[in-house]
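Let me begin by presenting the structure, written as structure tokens, before commenting on it.
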There are 2 protein chains.
Amino acid sequence: MTSKAIASKDLPRLAAHAIRFLAMDGVQKAKSGHPGMPMGMADIATVLWTKVLNYNPANPDWLDRDRFVLSNGHGSMLLYSLLHLSGYDLPMKELENFRQLGSKTPGHPEAGHTKGVEVTTGPLGQGISNAVGLALAERWLAARFNKPGHQIINHHTYVFAGDGCLMEGISHESCSLAGHLRLGKLILFYDDNHISIDGNTKLSYSDNATARFSAYGWHVQKVNGHDQAAVAKAIAAARKESKRPSLIACRTVIGWGAPTLAGSHATHGSPLGQDEIAATRKALGWPWPPFKVPRPVLNYWRSALVRGKKSEGEWNRKVSAYRKAHPTEGAELQRIIAGKPSTAWQAPLNKLRRSLLKSAPDTEATRVASGMVLNAVGMAHPDLIGGSADLTPSNNTRVKEYEDIAPGKFSGKYIRYGVREHGMAGIMNGLAQHGGVVPYSGTFAIFTDYLRPAMRLSAIMGAQVIYVLTHDSIGLGEDGPTHQPVEHYAACRAIPNLYVYRPCDVRETLECWESALRRTNGPAALLLTRQKLPTFPGTGKGGVKNGGYVLADTPKGLALKVVLMGTGSEVQLAMEAREQLSKQKIGARVVSMPCWEAFEAQPQAYRNRVIPPRVTARVAVESGVELGWGRYLGDKGVMVGMKGFGGSAPFDKLFKHFGITSAEVVKAAKSAMK
Amino acid sequence: MTSKAIASKDLPRLAAHAIRFLAMDGVQKAKSGHPGMPMGMADIATVLWTKVLNYNPANPDWLDRDRFVLSNGHGSMLLYSLLHLSGYDLPMKELENFRQLGSKTPGHPEAGHTKGVEVTTGPLGQGISNAVGLALAERWLAARFNKPGHQIINHHTYVFAGDGCLMEGISHESCSLAGHLRLGKLILFYDDNHISIDGNTKLSYSDNATARFSAYGWHVQKVNGHDQAAVAKAIAAARKESKRPSLIACRTVIGWGAPTLAGSHATHGSPLGQDEIAATRKALGWPWPPFKVPRPVLNYWRSALVRGKKSEGEWNRKVSAYRKAHPTEGAELQRIIAGKPSTAWQAPLNKLRRSLLKSAPDTEATRVASGMVLNAVGMAHPDLIGGSADLTPSNNTRVKEYEDIAPGKFSGKYIRYGVREHGMAGIMNGLAQHGGVVPYSGTFAIFTDYLRPAMRLSAIMGAQVIYVLTHDSIGLGEDGPTHQPVEHYAACRAIPNLYVYRPCDVRETLECWESALRRTNGPAALLLTRQKLPTFPGTGKGGVKNGGYVLADTPKGLALKVVLMGTGSEVQLAMEAREQLSKQKIGARVVSMPCWEAFEAQPQAYRNRVIPPRVTARVAVESGVELGWGRYLGDKGVMVGMKGFGGSAPFDKLFKHFGITSAEVVKAAKSAMK
């Protein structure tokens, strides 16, 4: 067949084949990748992207575009094909460079790296949760901006997911919440292909997926995923349903079109091989060589540019009218369109700082301090929305004036996530990636374990997501070792690009929040105490932004003999030890280290001023495991920390029991000085 | 009412009240805890423990006892009350000491700490998953031991769970698999009390729970949780159903019986207060003081001892008959009853070691080496059962002769966990805690993030669970940063009591497996490569058991100037660097550090021999973040590792790109020597 012989009635079918061959050839050339999924979902993707999706490939950042998420991100060639075909800035040479160093086409789609990729996916179930966040952001911004006669925010979120995504626990958490909240503009395509890596899904999976989603309050349909007309009809029905999110279970054949391998898990994660690809070319009537899409087919796809330009143009006119009619909201909308962060929260935060510098409570729990900061900035920061995984009264995450985001009601600023830490974090990633939203939310520090895969993705994407993590040590007391983080500071610090804050008092808490709110290109984790901590002179004067700083230098007349380093609730022990050492004429300096990552980002000269290399007598005190402190302790330093799991008792008894006391710090200081 | 006035018809009701008051009074005395759940589930617990549960309080370790799991572990006073009342060795003074240092009644139930506690619970959703593992262990041991006329293994697993457990993603994973496998002897009581910490569950939760579990293939019922007769009937129906696990959704009132607080989330996590407790005493007709249970009620409970003795006695007779009829299997059964680990795997492992010492492949991936070990010991180790979270062909976890454990068919030794890492780990914890089973299973190292909460519980419980974690670095290649662990070695090492192994070649892999199989009191994580690694002279001679050892000392004639430390795939870089340094007349020693935890457990003198304090020039090379290495690097050491997330490209290109090469190790060595 020549390009000229292509009949227009064949275009939809050939448009899907274009995806199939780009996927097959891309994977074959890379000798690595997953061709089966793109081949199986090509028809669905073609209908969605050519008939339904409202987007403008020429402007991937258009605020009111429909969002598309590939939750089964291993099928990345599907997304790269769609982006290239529809006219995004992703040239064919990038597809030919699939999975190569420096290409725009990495193994799994990476937001921020490839234009048009909304969220970074691959770890299964994450994309579904991101999509819930994106859909929630849409509804929230609609409630915030739309006015009678001005429908400014009005788009859908579409997500592709496979059996693996649906098996993962996080899909339960986020889809249950999506059903509860009635996110009617979320549409999930389930690639029901009966195949996973081990073989037929029958090996491990018997769920009635549509019944499961019905139980979550979703609208459900089943469709033949290779019948484009049927798929179009199902999408129309899903879009018509405005009160419930929609699941479209698409029966597909993995590797569809491959004569001998279609339907086999052999197509899942490996190249099909030259022979099979040649046979597929013959079987599907696709005579063109690899990475060649015939002009009529490409034109068919590229009509997206025309539609997109028109759509965005109409929207821009709506925005102009809106800005005239509602200048205040219009200015805010314009800020969001321009991708600028709000600074409106800075003034009330400064006010609180001044007040706390003048007079702070003698003692306060940092979780309470965090609540104070939130109550100061929450209403002033227009993009900030909070929540908690069913620990609101413990996390102090709810701003007094906040109203709940409730089923079908999206004008509030507080999300009741339920006992769904992992889903919460995945949803926050989606909220943050949408634009116009800065999400924070709370759980116990111990439960970072539950949400860790999503937290890692916040860090990879550089998403501004703020994790409020209270009850951050054995200071939690009676709940015992199952609820006491001992390894979690280290485990969080291990994640690249995550800023981990552990403030020592109310004023450091304010500064940690300030840093987190300013850090618009990455996530922050705030570790906060359940128990009260004293307020120290010297905090609140900008120390936190350097990550570590001299909170109290050697008392007058004493030479510096030992450096006492600590974070959070243990800084007080260092301060007490400094006093006790002073009485014994030993000069000790206390270094508060609320954020290692910020400290490491300082010039070496600054770090050497704070922890002088010549002073080898050093003590670190922290109610966690030693892992990581070696960097600062050096050869002679001594750690005062936890050596194993905690215990169940009132918190003061536990600190004594585990030897995390000022007396032990003094002892350690003397030992380090030897 | 006096004790004498108690009519026998009132005993079931009063038996439940005994739980309620112990819970109320225990929490009140501790000034901390969760009274509402025990009060709400007291009737269900009473029916189960006095009418149904087959157990012997005098012997908590009886192998064929029914298992009971409190997944909503915050209601620990319910379990402690049950243990005390039914006659376990848990004196009343321990209940009076609830949540105090050193008591047997910590905030959340801890297996190994309190007799009668099957698994450590508290982090929500874990207990449900453990219960699936316990129920699976029962069916597997039944298939292994039962013979016509000899039903030796035949017990049920009962689990209590609340809304929180059902909201957690892990409940989806493990319950979906339980339905798939048709674990007909698993019975889950859902405490449907409509209350969570934030308030009414309506705030965040609209699931139709019974419909959801039906979709998993479960048998479901709804019952009034305060109607003891109805509960008994529901349990009977659930026990009659042998093909499907059963959900009994029990509508209960949290804090049932408290005149003003019943039904309120105020009863969830705080003491009720003296006034409310006094009013409850009046309302429920319970005149006895705190921690006093009237004799007739106690007698009613303690009949469990009589029933238990009889039951266990009958079972022991069955076992005697079995041992006569089937002496080989009987001896194995007796070993398991005695709690003795199998040693049958040692001989074939030794044989493989001898063969590998004689002639090992020049290069091999450690994941393949792991498969070799498993194939050597898998059938020989009678308790060892494996699996994978849908990555069998990648994890090499399936022993050739293993058959699958399939729906209703439990005689195999391989579990197809599906894409359910977290559920898998929770289920393994249950398998391990049952007795008679040593579980291992595989996933990618990156997905330790997904299963981390359960892995931590393996460590807390000291359960022998073996995690096979392949594709352990950027060596994974094209799949890219979402699938490349860089922080996971550190994050795993941070967990107390978890032994983290990273072998450098085929023979070290064998020794790591050997250590893991010998470590019957705690979990192990094996980090294994996708890519091939060279085999080194010097491995396979017992080095691994010390955790770190001198793999190659300075070449003859050269003084020791620098210590090169590494693990896994980077040991080869240290070895190459040693050669290159040697050519420049610099004496370098290579220390392989496959298991830090085992190294730390060696005497200081040994550790100083391996890494001499006087040699301050040290280099660590590992394809992960530096966190933790500071301990070994000291003041002058230099790390060659990852500074951020990985990339998508063929693996050899990535190692070069990120500067993890022998040339960089040489450079670092010279820098450290300055």
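Numbering starts fresh at 1 for the residues of each chain in the structure tokens, the chains themselves are lettered A, B, ... in the order given, and ligands are numbered from 1 as they appear.
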
Spatial neighbours of B:Ala42, 12 Å, only C-alpha atoms, chain gap at least 3 places, as a ChimeraX atom specification: /B:12-24,35-39,45-50,75,77-79,81-82,160,191,225-228,231,250,252-257

In stretch 251-396 of chain B, what's alpha helix (DSSP H) per DSSP? Answer as a PyMOL selection string? chain B and resi 274-284+295-325+327-337+346-358+366-377+392-395

So which one's closest to A:Phe68, A:Pro439, A:Ala131, A:Gly112, A:Asn97? Using only C-alpha atoms, please.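 For A:Phe68, the nearest of the candidates is A:Ala131.
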
Considering only C-alpha atoms, return as a PyMOL selection string whatever protein or nucleic-acid residues lie within 7 Å of B:Leu451, sequence-local ones (same chain, fewer than 3 positions apart) excluded. chain B and resi 421-422+425+447-448+454-455

I need the residues of stretch 436-651 of chain A that end up classed as strand (DSSP E) by DSSP on the backbone, written out as a PyMOL selection string. chain A and resi 438-444+466-470+499-501+524-527+532-534+549-552+560-566+587-592+618-621+638-640

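Pairwise distance (atom CA of B:Cys175, atom CA of B:Gly430) equals 13.5 Å.
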
May I have the residues within 9 Å of B:Gly339 as an NGL selection string, using only C-alpha atoms and disregarding those fewer than 3 positions away in the same chain? :B and (334-336 or 435-436)

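The shortest atom-to-atom distance to A:Arg323, with only C-alpha atoms taken into account, belongs to A:His150 out of A:Ala215, A:His150, A:Ser8, A:Val465.
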
Could you give me, as a VMD selection string, the residues within 10 Å of A:Leu374, counting only C-alpha atoms and dropping anything in the same chain fewer than 4 positions from it? chain A and resid 345 349 368 to 370 378 to 381 384 386 396 to 400 510 513

Export, as a short mmCIF file (atom, residue, chain, number, x, y, z; two decimals), in the first residue's frame, the selected residues with N, CA and C atoms.
data_model
loop_
_atom_site.label_atom_id
_atom_site.label_comp_id
_atom_site.auth_asym_id
_atom_site.auth_seq_id
_atom_site.Cartn_x
_atom_site.Cartn_y
_atom_site.Cartn_z
N TRP A 345 1.49 34.59 51.52
CA TRP A 345 1.59 33.99 52.85
C TRP A 345 2.77 34.57 53.64
N LEU A 349 3.21 35.27 57.84
CA LEU A 349 4.24 34.47 58.49
C LEU A 349 5.26 35.37 59.19
N VAL A 368 2.23 21.41 67.59
CA VAL A 368 1.34 22.54 67.89
C VAL A 368 1.87 23.80 67.22
N ALA A 369 3.19 23.97 67.27
CA ALA A 369 3.80 25.11 66.58
C ALA A 369 3.46 25.08 65.09
N SER A 370 3.51 23.88 64.51
CA SER A 370 3.16 23.73 63.11
C SER A 370 1.72 24.18 62.86
N GLY A 378 -2.55 29.73 56.41
CA GLY A 378 -3.46 28.88 55.65
C GLY A 378 -4.43 29.63 54.76
N MET A 379 -5.11 30.60 55.31
CA MET A 379 -6.09 31.33 54.51
C MET A 379 -5.41 32.34 53.59
N ALA A 380 -4.23 32.80 53.99
CA ALA A 380 -3.53 33.80 53.17
C ALA A 380 -2.89 33.17 51.93
N HIS A 381 -2.49 31.92 52.03
CA HIS A 381 -1.88 31.25 50.87
C HIS A 381 -3.00 30.68 50.02
N LEU A 384 -2.79 26.86 48.95
CA LEU A 384 -2.44 25.85 49.95
C LEU A 384 -3.67 25.08 50.40
N GLY A 386 -4.82 21.52 52.62
CA GLY A 386 -4.27 20.56 53.57
C GLY A 386 -5.09 19.32 53.73
N ASN A 396 -2.56 18.31 63.90
CA ASN A 396 -2.79 19.76 63.92
C ASN A 396 -2.67 20.37 62.53
N THR A 397 -3.24 19.70 61.58
CA THR A 397 -3.12 20.14 60.19
C THR A 397 -4.31 20.99 59.72
N ARG A 398 -5.33 21.05 60.55
CA ARG A 398 -6.52 21.75 60.07
C ARG A 398 -6.51 23.20 60.54
N VAL A 399 -6.53 24.08 59.57
CA VAL A 399 -6.65 25.51 59.86
C VAL A 399 -8.08 25.77 60.30
N LYS A 400 -8.20 26.58 61.32
CA LYS A 400 -9.51 26.82 61.93
C LYS A 400 -10.58 27.19 60.89
N LEU A 510 8.54 27.41 62.63
CA LEU A 510 8.10 28.45 61.69
C LEU A 510 9.08 28.56 60.52
N TRP A 513 8.75 25.61 58.11
CA TRP A 513 7.59 25.81 57.24
C TRP A 513 7.90 26.85 56.15
#

If we count only C-alpha atoms and set the cut-off at 10 Å, which residues sit around B:His265, ignoring sequence neighbours fewer than 5 positions away in its own chain? Please answer as a PDB file with N, CA and C atoms, in the first residue's frame.
ATOM      1  N   GLY B  36     -12.676   2.357  73.264  1.00  0.00           N
ATOM      2  CA  GLY B  36     -13.909   2.247  72.480  1.00  0.00           C
ATOM      3  C   GLY B  36     -14.031   0.954  71.710  1.00  0.00           C
ATOM      4  N   ASN B 193     -18.079   0.209  62.868  1.00  0.00           N
ATOM      5  CA  ASN B 193     -18.602   1.089  63.923  1.00  0.00           C
ATOM      6  C   ASN B 193     -18.794   2.538  63.483  1.00  0.00           C
ATOM      7  N   HIS B 194     -18.491   2.802  62.213  1.00  0.00           N
ATOM      8  CA  HIS B 194     -18.734   4.131  61.615  1.00  0.00           C
ATOM      9  C   HIS B 194     -17.882   5.243  62.207  1.00  0.00           C
ATOM     10  N   ILE B 195     -16.837   4.861  62.972  1.00  0.00           N
ATOM     11  CA  ILE B 195     -16.063   5.899  63.652  1.00  0.00           C
ATOM     12  C   ILE B 195     -14.576   5.728  63.365  1.00  0.00           C
ATOM     13  N   SER B 196     -13.926   6.834  63.038  1.00  0.00           N
ATOM     14  CA  SER B 196     -12.464   6.826  62.991  1.00  0.00           C
ATOM     15  C   SER B 196     -11.982   8.047  63.765  1.00  0.00           C
ATOM     16  N   ILE B 197     -10.680   8.290  63.753  1.00  0.00           N
ATOM     17  CA  ILE B 197     -10.145   9.338  64.635  1.00  0.00           C
ATOM     18  C   ILE B 197     -10.706  10.713  64.280  1.00  0.00           C
ATOM     19  N   ASP B 198     -10.832  10.987  63.007  1.00  0.00           N
ATOM     20  CA  ASP B 198     -11.323  12.303  62.604  1.00  0.00           C
ATOM     21  C   ASP B 198     -12.810  12.506  62.908  1.00  0.00           C
ATOM     22  N   GLY B 199     -13.543  11.411  63.126  1.00  0.00           N
ATOM     23  CA  GLY B 199     -14.970  11.543  63.413  1.00  0.00           C
ATOM     24  C   GLY B 199     -15.733  10.412  62.747  1.00  0.00           C
ATOM     25  N   ASN B 200     -16.905  10.710  62.226  1.00  0.00           N
ATOM     26  CA  ASN B 200     -17.679   9.699  61.539  1.00  0.00           C
ATOM     27  C   ASN B 200     -16.944   9.286  60.259  1.00  0.00           C
ATOM     28  N   THR B 201     -16.991   7.971  59.967  1.00  0.00           N
ATOM     29  CA  THR B 201     -16.291   7.521  58.760  1.00  0.00           C
ATOM     30  C   THR B 201     -16.863   8.155  57.496  1.00  0.00           C
ATOM     31  N   ILE B 254     -19.138   1.857  68.911  1.00  0.00           N
ATOM     32  CA  ILE B 254     -17.875   2.076  69.601  1.00  0.00           C
ATOM     33  C   ILE B 254     -18.178   2.593  71.014  1.00  0.00           C
ATOM     34  N   GLY B 255     -17.430   2.096  71.989  1.00  0.00           N
ATOM     35  CA  GLY B 255     -17.668   2.515  73.375  1.00  0.00           C
ATOM     36  C   GLY B 255     -19.025   2.064  73.898  1.00  0.00           C
ATOM     37  N   SER B 270      -8.863   7.762  73.852  1.00  0.00           N
ATOM     38  CA  SER B 270      -8.582   8.396  75.141  1.00  0.00           C
ATOM     39  C   SER B 270      -9.377   7.699  76.234  1.00  0.00           C
TER      40      SER B 270
END

Just the residues within 7 Å of B:Asn429, please, counting only C-alpha atoms, with nothing from its chain fewer than 5 positions along; format it as a PyMOL selection string. chain B and resi 130+133+458+463+465

Closest to chain A among B:Ser592, B:Ser76, B:Asn146, B:Thr482, using only C-alpha atoms? B:Thr482

Given only C-alpha atoms as the counted atoms, nearest of A:Gln484, A:Asn224, A:Asn316, A:Ser174 to A:Asp192: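 The shortest atom-to-atom distance to A:Asp192 comes from A:Asn224.
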
From the list B:Ala663, B:Ala672, B:Met639, B:Val591, which residue is nearest chain A when using only C-alpha atoms?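 Counting only C-alpha atoms, the residue closest to chain A is B:Met639.
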